[in-house]
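For reference, the structure is listed below as C-alpha cells.
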Amino acid sequence: MSLTAAIQSVSALVSSAKSSSFLGQGVGPETRFTSFSMPLLPSRKLSICKCVSAAPPTEQTAHKTKVARNANMAKLQAGYLFPEIARRRSAHISKYPDAKVISLGIGDTTEPIPEVITSAMALRAKELSTFEGYSGYGAEQGEKKLRAAIASTYYKDVGIEENDIFVSYLLFGANVKIAVQDPSYPAYVDSSVIMGQTGLYQKDVEKFGNIEYMRCTPDNGFFPDLSNVSETDVIYFCSPNNPTGSAASRDQLTKLVNFARANGSIIVYDSAYSMYISDDSPRSIFEIPGAKEVAIETSSFSKFAGFTGVRLGWTVVPKELVFSDGFPVARDFNRIVCTCFNGASNIAQAGGLACLSEEGLKLYGLQRVRRTERAVCVGALPGQELVDVFAEILEKTHLVTTPGSGFGPGGEGFVRVSAFGHRENVLEACRRLKQLYQ
Ligand SMILES: Cc1ncc(COP(=O)(O)O)c(C=O)c1O
C-alpha cells in the first residue's frame, strides 16, 4: 500500500462524515466475498457478515488516544457468518476426519495463471533492477498502453476511449442515497455504511436505513421491479450478479438506464463477471444507448485472469457523465485517484497487459471451462424446500456452501454455491448434490 493509500485508510477509520471509501477490488483484505455463484435452496439464516479473515485480537490497554472512532464503523454488522461457517466446517472435519470435504463457500479462483502472463510480470519485475527499465510512480490513472488495451478489448464498439478508463479503485462521496440489488455483493452496502450514507441497521427488517434494497427473486427473474424503487442517487447493479449468477438482458438493462435517466441517478455497474456471459446479454452497460450519461462501470482481472492475488481492476467513467451542476464526474474521479490511490502496481499492470495480448486472450479460452462448470452445477441444483440446507448439505454431502443471508435480506432462504473450484471438485460436488436431492 502506498503512503497516501495508508493515510486514506486511516481517515476512513477515524470519525469523519466526509470521508471517501473504496469499492470494487479495493474494498480491503477483510471484505472478501469473492466468487461467482448461483442460487440454491432455502436455508435457515446464520447471521449477516462480510468478513472472512479473522479480525486482529483486541487488547485491553491502559492508554486511550483522543481520536474518535468513525461512528459508521460501529453500524456495520458484526462478522459472524464466515467465522461461523469456518467453525462448522472444522467441527465437521473433526466429526468426519476421513471425509473429503469440498469447499464451495467463499470461493476463489483455482487455476494457475498461464505462464505467458506470469513471465510478463517477472520480466517487468526484473526490468526494475535495471536503469533502463526502472520506473517509479506511474500515471495514477494507469499505464497508457493498458488503458488503451482495455478500451479496445472491451469497449471497442461502444465509444468508450482510453481516457475514460482508470486502472484504479472506485471512490465515492458521502451524502448520497444508494440502491442495491437484494441480494448483492456486500461491499456496496458496507462501503456505503462506512461512508456515512446510511442510517442504522434495522434488525427487524435486516436492512440499513436510507438504502433502497431492490428485491431480486426467482419470481421476477432476478431483475428488480423498478416501479417499486424510490428515487436514489447511486444505483449499484451487478450483472451477472453475485450471488444469484443472473445476467440482465438487454431489455432489462435498457429499463435500468431509462430509469436512471428519468430519476437523475448514476448507475455503478459492476461487470466483474461479464466474461462468464454465454448468451447475448450485454457484457457492458455501455452497450445500452444513453448509458454513458448515467453510468460508471467497474470491472476486474480477478475472475477471468485468476488475478485475485495479483490485484488489478478498472473503472470506466465516461466524459459524458456529469453531476447536477454540470461538472464532469471523471474530473473529480481523477482528482481522487491522484490523491488517494497513486496508481496500480507496475508489475500487476504488465500482467494485465499480457492478459489482453493476442496470446493472452487466446489462452483465456479457459473461461469456457469455467462456464461448463457453472452450467453443470446449476443443472445439479433442484429447488426443494428444506429447513436448513446449509447444515443438511454439509452433513450429508461434506460440501461447504454459504447461507444467502450474508448477501442481504433477499438472500435469506437460499444458500450460495461458488462456481469456482477445481474442476474435479465441482463435478464431484454436483454428483453429491444430485445424489442428495434426486
Ligand atoms: C460482484 C463482485 N464485484 C467485485 C469484486 C471484486 O473483485 P476484486 O476485488 O478481486 O477485483 C468481487 C469479488 O468477489 C465481486 O464478487
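Residues are referred to by chain and number: the chain letter is A, B, ... according to the order shown in the C-alpha cells, the number counts from 1 in that chain, and ligands are numbered separately from 1 in the order shown.
With only C-alpha atoms taken into account, the protein and nucleic acid residues at most 7 Å from Thr401 (chain A) (excluding it and anything under 3 positions from it in its own chain) are Ser103, Leu104, Gly105, Phe390, Val415, Arg416 and Val417 of chain A.
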Limited to all heavy atoms, could you put the picked residues into a file as a PDB file, in the first residue's frame?
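selection_27.pdb, written as the output of this step:
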ATOM      1  N   SER A 103     -14.983 -27.392  -0.408  1.00  0.00           N
ATOM      2  CA  SER A 103     -15.462 -26.072  -0.028  1.00  0.00           C
ATOM      3  C   SER A 103     -15.893 -25.285  -1.252  1.00  0.00           C
ATOM      4  O   SER A 103     -15.072 -24.903  -2.083  1.00  0.00           O
ATOM      5  CB  SER A 103     -14.364 -25.333   0.730  1.00  0.00           C
ATOM      6  OG  SER A 103     -14.937 -24.183   1.290  1.00  0.00           O
ATOM      7  N   LEU A 104     -17.182 -25.049  -1.372  1.00  0.00           N
ATOM      8  CA  LEU A 104     -17.700 -24.169  -2.427  1.00  0.00           C
ATOM      9  C   LEU A 104     -18.389 -22.995  -1.741  1.00  0.00           C
ATOM     10  O   LEU A 104     -19.463 -22.552  -2.117  1.00  0.00           O
ATOM     11  CB  LEU A 104     -18.663 -24.933  -3.341  1.00  0.00           C
ATOM     12  CG  LEU A 104     -18.017 -26.087  -4.121  1.00  0.00           C
ATOM     13  CD1 LEU A 104     -19.057 -26.859  -4.921  1.00  0.00           C
ATOM     14  CD2 LEU A 104     -16.923 -25.580  -5.063  1.00  0.00           C
ATOM     15  N   GLY A 105     -17.752 -22.546  -0.677  1.00  0.00           N
ATOM     16  CA  GLY A 105     -18.316 -21.466   0.123  1.00  0.00           C
ATOM     17  C   GLY A 105     -17.893 -20.118  -0.407  1.00  0.00           C
ATOM     18  O   GLY A 105     -18.435 -19.611  -1.377  1.00  0.00           O
ATOM     19  N   PHE A 390     -27.950 -25.434   4.363  1.00  0.00           N
ATOM     20  CA  PHE A 390     -26.501 -25.347   4.585  1.00  0.00           C
ATOM     21  C   PHE A 390     -26.039 -26.530   5.443  1.00  0.00           C
ATOM     22  O   PHE A 390     -25.102 -27.250   5.091  1.00  0.00           O
ATOM     23  CB  PHE A 390     -26.151 -24.017   5.270  1.00  0.00           C
ATOM     24  CG  PHE A 390     -24.736 -23.957   5.751  1.00  0.00           C
ATOM     25  CD1 PHE A 390     -23.719 -23.597   4.882  1.00  0.00           C
ATOM     26  CD2 PHE A 390     -24.404 -24.292   7.060  1.00  0.00           C
ATOM     27  CE1 PHE A 390     -22.398 -23.556   5.306  1.00  0.00           C
ATOM     28  CE2 PHE A 390     -23.094 -24.262   7.497  1.00  0.00           C
ATOM     29  CZ  PHE A 390     -22.090 -23.890   6.619  1.00  0.00           C
ATOM     30  N   VAL A 415     -29.015 -20.824  -0.199  1.00  0.00           N
ATOM     31  CA  VAL A 415     -27.585 -20.916   0.049  1.00  0.00           C
ATOM     32  C   VAL A 415     -26.878 -20.666  -1.276  1.00  0.00           C
ATOM     33  O   VAL A 415     -27.445 -20.895  -2.343  1.00  0.00           O
ATOM     34  CB  VAL A 415     -27.135 -22.277   0.629  1.00  0.00           C
ATOM     35  CG1 VAL A 415     -27.696 -22.486   2.014  1.00  0.00           C
ATOM     36  CG2 VAL A 415     -27.483 -23.417  -0.289  1.00  0.00           C
ATOM     37  N   ARG A 416     -25.672 -20.178  -1.169  1.00  0.00           N
ATOM     38  CA  ARG A 416     -24.896 -19.895  -2.369  1.00  0.00           C
ATOM     39  C   ARG A 416     -23.836 -20.975  -2.555  1.00  0.00           C
ATOM     40  O   ARG A 416     -23.174 -21.379  -1.601  1.00  0.00           O
ATOM     41  CB  ARG A 416     -24.210 -18.532  -2.221  1.00  0.00           C
ATOM     42  CG  ARG A 416     -23.552 -18.068  -3.503  1.00  0.00           C
ATOM     43  CD  ARG A 416     -22.704 -16.844  -3.254  1.00  0.00           C
ATOM     44  NE  ARG A 416     -21.451 -17.198  -2.607  1.00  0.00           N
ATOM     45  CZ  ARG A 416     -20.318 -16.536  -2.779  1.00  0.00           C
ATOM     46  NH1 ARG A 416     -20.279 -15.469  -3.542  1.00  0.00           N
ATOM     47  NH2 ARG A 416     -19.228 -16.911  -2.162  1.00  0.00           N
ATOM     48  N   VAL A 417     -23.702 -21.404  -3.781  1.00  0.00           N
ATOM     49  CA  VAL A 417     -22.659 -22.385  -4.099  1.00  0.00           C
ATOM     50  C   VAL A 417     -21.693 -21.722  -5.064  1.00  0.00           C
ATOM     51  O   VAL A 417     -22.091 -21.287  -6.141  1.00  0.00           O
ATOM     52  CB  VAL A 417     -23.266 -23.635  -4.766  1.00  0.00           C
ATOM     53  CG1 VAL A 417     -22.185 -24.641  -5.074  1.00  0.00           C
ATOM     54  CG2 VAL A 417     -24.328 -24.244  -3.880  1.00  0.00           C
TER      55      VAL A 417
END
Quiz item: Near Ile235 (chain A), within 9 Å and counting only C-alpha atoms, which residues show up once chain neighbours fewer than 2 positions away are dropped, as a PyMOL selection string?
Solution: chain A and resi 177-181+212+232-233+237+260+265-269
Practice problem: Write out as a ChimeraX atom specification which residues come within 10 Å of Gly264 (chain A) when counting only C-alpha atoms, dropping same-chain ones fewer than 6 positions away. | Solution: /A:231-234,258,293-294,323-324
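Here the DSSP assignment of strand (DSSP E or B), based on backbone atoms, applies within region 282-436 of chain A to Ala295, Ile296, Glu297, Thr298, Ser299, Ser300, Gly313, Trp314, Thr315, Val316, Val322, Pro328, Leu399, Val400, Thr402, Pro403, Val415, Arg416, Val417 and Ser418 of chain A.
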With N, CA, C and O atoms retained, write the just-selected residues as a JSON list (two decimals), in the first residue's frame.
[["chain", "number", "residue", "atom", "x", "y", "z"],
["A", 295, "ALA", "N", -23.91, 6.32, -16.31],
["A", 295, "ALA", "CA", -23.30, 5.14, -15.69],
["A", 295, "ALA", "C", -21.78, 5.19, -15.62],
["A", 295, "ALA", "O", -21.10, 5.79, -16.45],
["A", 296, "ILE", "N", -21.31, 4.53, -14.56],
["A", 296, "ILE", "CA", -19.89, 4.22, -14.37],
["A", 296, "ILE", "C", -19.81, 2.70, -14.41],
["A", 296, "ILE", "O", -20.74, 2.04, -13.97],
["A", 297, "GLU", "N", -18.74, 2.17, -14.94],
["A", 297, "GLU", "CA", -18.62, 0.70, -14.92],
["A", 297, "GLU", "C", -17.33, 0.32, -14.20],
["A", 297, "GLU", "O", -16.28, 0.92, -14.43],
["A", 298, "THR", "N", -17.43, -0.67, -13.35],
["A", 298, "THR", "CA", -16.24, -1.15, -12.67],
["A", 298, "THR", "C", -16.03, -2.62, -13.01],
["A", 298, "THR", "O", -16.99, -3.38, -13.14],
["A", 299, "SER", "N", -14.78, -3.00, -13.23],
["A", 299, "SER", "CA", -14.52, -4.38, -13.62],
["A", 299, "SER", "C", -13.17, -4.83, -13.08],
["A", 299, "SER", "O", -12.46, -4.05, -12.45],
["A", 300, "SER", "N", -12.82, -6.06, -13.34],
["A", 300, "SER", "CA", -11.67, -6.63, -12.65],
["A", 300, "SER", "C", -11.01, -7.73, -13.48],
["A", 300, "SER", "O", -11.67, -8.42, -14.24],
["A", 313, "GLY", "N", -7.82, -4.07, -11.41],
["A", 313, "GLY", "CA", -9.17, -3.82, -11.90],
["A", 313, "GLY", "C", -9.23, -2.47, -12.58],
["A", 313, "GLY", "O", -8.22, -1.77, -12.66],
["A", 314, "TRP", "N", -10.39, -2.11, -13.09],
["A", 314, "TRP", "CA", -10.50, -0.79, -13.73],
["A", 314, "TRP", "C", -11.91, -0.24, -13.55],
["A", 314, "TRP", "O", -12.85, -0.96, -13.22],
["A", 315, "THR", "N", -12.00, 1.06, -13.79],
["A", 315, "THR", "CA", -13.27, 1.75, -13.72],
["A", 315, "THR", "C", -13.41, 2.60, -14.97],
["A", 315, "THR", "O", -12.44, 3.24, -15.38],
["A", 316, "VAL", "N", -14.59, 2.58, -15.57],
["A", 316, "VAL", "CA", -14.84, 3.43, -16.74],
["A", 316, "VAL", "C", -15.72, 4.59, -16.29],
["A", 316, "VAL", "O", -16.83, 4.37, -15.77],
["A", 322, "VAL", "N", -22.04, 13.76, -16.01],
["A", 322, "VAL", "CA", -21.81, 14.99, -15.24],
["A", 322, "VAL", "C", -22.70, 15.04, -14.00],
["A", 322, "VAL", "O", -23.77, 14.43, -13.95],
["A", 328, "PRO", "N", -17.96, 17.47, -14.75],
["A", 328, "PRO", "CA", -17.73, 16.07, -15.16],
["A", 328, "PRO", "C", -17.31, 15.19, -13.98],
["A", 328, "PRO", "O", -16.38, 15.53, -13.24],
["A", 399, "LEU", "N", -20.13, -30.96, 1.72],
["A", 399, "LEU", "CA", -19.87, -29.77, 0.89],
["A", 399, "LEU", "C", -20.12, -28.52, 1.72],
["A", 399, "LEU", "O", -21.14, -28.41, 2.41],
["A", 400, "VAL", "N", -19.18, -27.57, 1.65],
["A", 400, "VAL", "CA", -19.36, -26.31, 2.35],
["A", 400, "VAL", "C", -19.94, -25.29, 1.38],
["A", 400, "VAL", "O", -19.38, -25.06, 0.30],
["A", 402, "THR", "N", -22.49, -21.35, 1.28],
["A", 402, "THR", "CA", -22.64, -20.12, 2.07],
["A", 402, "THR", "C", -24.12, -19.77, 2.20],
["A", 402, "THR", "O", -24.82, -19.69, 1.18],
["A", 403, "PRO", "N", -24.62, -19.53, 3.41],
["A", 403, "PRO", "CA", -26.01, -19.11, 3.54],
["A", 403, "PRO", "C", -26.23, -17.77, 2.83],
["A", 403, "PRO", "O", -25.42, -16.85, 2.96],
["A", 415, "VAL", "N", -29.02, -20.82, -0.20],
["A", 415, "VAL", "CA", -27.59, -20.92, 0.05],
["A", 415, "VAL", "C", -26.88, -20.67, -1.28],
["A", 415, "VAL", "O", -27.44, -20.89, -2.34],
["A", 416, "ARG", "N", -25.67, -20.18, -1.17],
["A", 416, "ARG", "CA", -24.90, -19.89, -2.37],
["A", 416, "ARG", "C", -23.84, -20.98, -2.55],
["A", 416, "ARG", "O", -23.17, -21.38, -1.60],
["A", 417, "VAL", "N", -23.70, -21.40, -3.78],
["A", 417, "VAL", "CA", -22.66, -22.38, -4.10],
["A", 417, "VAL", "C", -21.69, -21.72, -5.06],
["A", 417, "VAL", "O", -22.09, -21.29, -6.14],
["A", 418, "SER", "N", -20.45, -21.61, -4.67],
["A", 418, "SER", "CA", -19.48, -20.96, -5.54],
["A", 418, "SER", "C", -19.21, -21.83, -6.77],
["A", 418, "SER", "O", -19.11, -23.05, -6.67]]
Quiz item: Taking only C-alpha atoms and all ligand atoms into account, which of A:Ile393, A:Ile106, A:Ala122, A:Val189 comes nearest ligand 1?
Solution: A:Ile106
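Taking CA of Met275 (chain A) and CA of Phe304 (chain A) as endpoints, the distance between them is 6.7 Å.
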Quiz prompt | Pick from A:Arg69, A:Gly351, A:Tyr437, A:Arg87, whichever lies nearest to Pro114 (chain A) using only C-alpha atoms | solution = A:Gly351
Quiz item: Ala354 (chain A): which residues within 10 Å, counting only C-alpha atoms, same-chain residues fewer than 3 positions away excluded, as a count of residues only?
Solution: 17
Quiz prompt | Nearby residues (only C-alpha atoms) at most 8 Å from Asn241 (chain A), same-chain spacing under 2 positions excluded, as a list in words | solution = Phe36, Ser184, Tyr185, Phe237, Cys238, Ser239, Pro243, Thr244, Gly245, Ser246, Ala247 and Tyr273 of chain A
Keeping only C-alpha atoms, take the residues you just selected and write them out as an mmCIF file, in the first residue's frame.
data_model
loop_
_atom_site.group_PDB
_atom_site.id
_atom_site.type_symbol
_atom_site.label_atom_id
_atom_site.label_comp_id
_atom_site.auth_asym_id
_atom_site.auth_seq_id
_atom_site.Cartn_x
_atom_site.Cartn_y
_atom_site.Cartn_z
ATOM 1 C CA PHE A 36 -19.209 -16.194 -8.772
ATOM 2 C CA SER A 184 -25.964 -8.433 -3.737
ATOM 3 C CA TYR A 185 -22.214 -8.381 -3.196
ATOM 4 C CA PHE A 237 -26.039 -3.022 -10.283
ATOM 5 C CA CYS A 238 -24.010 -6.159 -10.818
ATOM 6 C CA SER A 239 -24.505 -8.384 -13.864
ATOM 7 C CA PRO A 243 -24.693 -14.185 -5.592
ATOM 8 C CA THR A 244 -27.581 -15.057 -7.927
ATOM 9 C CA GLY A 245 -25.486 -15.613 -11.052
ATOM 10 C CA SER A 246 -28.215 -13.943 -13.063
ATOM 11 C CA ALA A 247 -27.230 -11.771 -16.056
ATOM 12 C CA TYR A 273 -18.234 -11.451 -14.077
#
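Here the question is which of A:Ala344, A:Ala248, A:Ala187, A:Ile93 gets nearest to ligand 1 using only C-alpha atoms and all ligand atoms, and that residue is A:Ala187.
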Exercise. Would you mind reading off the distance between CA of Gly326 (chain A) and CA of Asp157 (chain A), one decimal, in Å?
Key: 26.4 Å
Exercise. Can you check which residues of region 103-283 of chain A DSSP gives as helix (DSSP H, G or I) on the backbone and send them as a ChimeraX atom specification?
Key: /A:115-127,144-154,156-158,162-164,187-194,218-220,226-228,250-263,274-276
Keeping only C-alpha atoms, write those residues as an mmCIF file, in the first residue's frame.
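Result went into result35.cif, see below:
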data_model
loop_
_atom_site.group_PDB
_atom_site.id
_atom_site.type_symbol
_atom_site.label_atom_id
_atom_site.label_comp_id
_atom_site.auth_asym_id
_atom_site.auth_seq_id
_atom_site.Cartn_x
_atom_site.Cartn_y
_atom_site.Cartn_z
ATOM 1 C CA GLU A 115 2.987 -18.621 -17.964
ATOM 2 C CA VAL A 116 2.727 -16.021 -20.680
ATOM 3 C CA ILE A 117 1.168 -13.728 -18.078
ATOM 4 C CA THR A 118 3.475 -14.526 -15.171
ATOM 5 C CA SER A 119 6.503 -14.233 -17.483
ATOM 6 C CA ALA A 120 5.416 -10.724 -18.425
ATOM 7 C CA MET A 121 5.171 -9.829 -14.752
ATOM 8 C CA ALA A 122 8.521 -11.473 -13.975
ATOM 9 C CA LEU A 123 10.140 -9.623 -16.851
ATOM 10 C CA ARG A 124 8.717 -6.324 -15.653
ATOM 11 C CA ALA A 125 9.961 -7.067 -12.135
ATOM 12 C CA LYS A 126 13.448 -7.867 -13.486
ATOM 13 C CA GLU A 127 13.482 -4.694 -15.552
ATOM 14 C CA LYS A 144 -1.469 4.320 -21.225
ATOM 15 C CA LYS A 145 -0.932 1.013 -23.021
ATOM 16 C CA LEU A 146 -3.092 -0.907 -20.592
ATOM 17 C CA ARG A 147 -5.870 1.683 -20.684
ATOM 18 C CA ALA A 148 -5.777 1.518 -24.473
ATOM 19 C CA ALA A 149 -5.857 -2.297 -24.418
ATOM 20 C CA ILE A 150 -8.839 -2.335 -22.033
ATOM 21 C CA ALA A 151 -10.672 0.190 -24.217
ATOM 22 C CA SER A 152 -10.063 -1.738 -27.424
ATOM 23 C CA THR A 153 -10.708 -5.195 -25.938
ATOM 24 C CA TYR A 154 -13.874 -4.465 -24.013
ATOM 25 C CA LYS A 156 -14.361 -1.019 -28.967
ATOM 26 C CA ASP A 157 -17.880 -0.784 -30.345
ATOM 27 C CA VAL A 158 -19.455 1.374 -27.677
ATOM 28 C CA GLU A 162 -8.678 5.103 -23.364
ATOM 29 C CA ASN A 163 -9.108 8.348 -21.404
ATOM 30 C CA ASP A 164 -12.386 7.135 -19.922
ATOM 31 C CA ALA A 187 -19.205 -4.480 -0.422
ATOM 32 C CA TYR A 188 -21.716 -1.988 -1.874
ATOM 33 C CA VAL A 189 -23.738 -1.798 1.310
ATOM 34 C CA ASP A 190 -20.748 -1.915 3.626
ATOM 35 C CA SER A 191 -18.814 0.810 1.834
ATOM 36 C CA SER A 192 -21.937 2.951 1.867
ATOM 37 C CA VAL A 193 -22.264 2.380 5.608
ATOM 38 C CA ILE A 194 -18.616 3.281 6.198
ATOM 39 C CA PRO A 218 -36.720 -16.135 -8.985
ATOM 40 C CA ASP A 219 -40.248 -14.734 -9.446
ATOM 41 C CA ASN A 220 -39.051 -11.520 -11.070
ATOM 42 C CA LEU A 226 -38.254 -0.670 -10.895
ATOM 43 C CA SER A 227 -41.740 0.739 -10.464
ATOM 44 C CA ASN A 228 -41.343 -0.045 -6.735
ATOM 45 C CA ARG A 250 -30.564 -6.050 -22.993
ATOM 46 C CA ASP A 251 -34.190 -5.198 -22.452
ATOM 47 C CA GLN A 252 -33.781 -5.171 -18.666
ATOM 48 C CA LEU A 253 -30.662 -3.016 -18.795
ATOM 49 C CA THR A 254 -32.434 -0.616 -21.143
ATOM 50 C CA LYS A 255 -35.147 -0.288 -18.475
ATOM 51 C CA LEU A 256 -32.475 0.340 -15.856
ATOM 52 C CA VAL A 257 -30.762 3.025 -17.922
ATOM 53 C CA ASN A 258 -34.087 4.705 -18.695
ATOM 54 C CA PHE A 259 -34.957 4.585 -15.008
ATOM 55 C CA ALA A 260 -31.648 6.246 -14.094
ATOM 56 C CA ARG A 261 -32.133 8.873 -16.788
ATOM 57 C CA ALA A 262 -35.654 9.666 -15.590
ATOM 58 C CA ASN A 263 -34.529 9.986 -11.965
ATOM 59 C CA SER A 274 -19.148 -10.287 -17.569
ATOM 60 C CA MET A 275 -16.796 -12.768 -19.211
ATOM 61 C CA TYR A 276 -18.994 -15.602 -17.987
#
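Shortest separation to Gly159 (chain A) among A:Glu392, A:Glu287, A:Glu140, A:Asp325 occurs at residue A:Glu287, atoms counted being only C-alpha atoms.
For the set A:Ala272, A:Val229, A:Ala305, A:Ile85, the residue with the smallest atom-to-atom gap to ligand 1 is A:Ala272, counting only C-alpha atoms and all ligand atoms.
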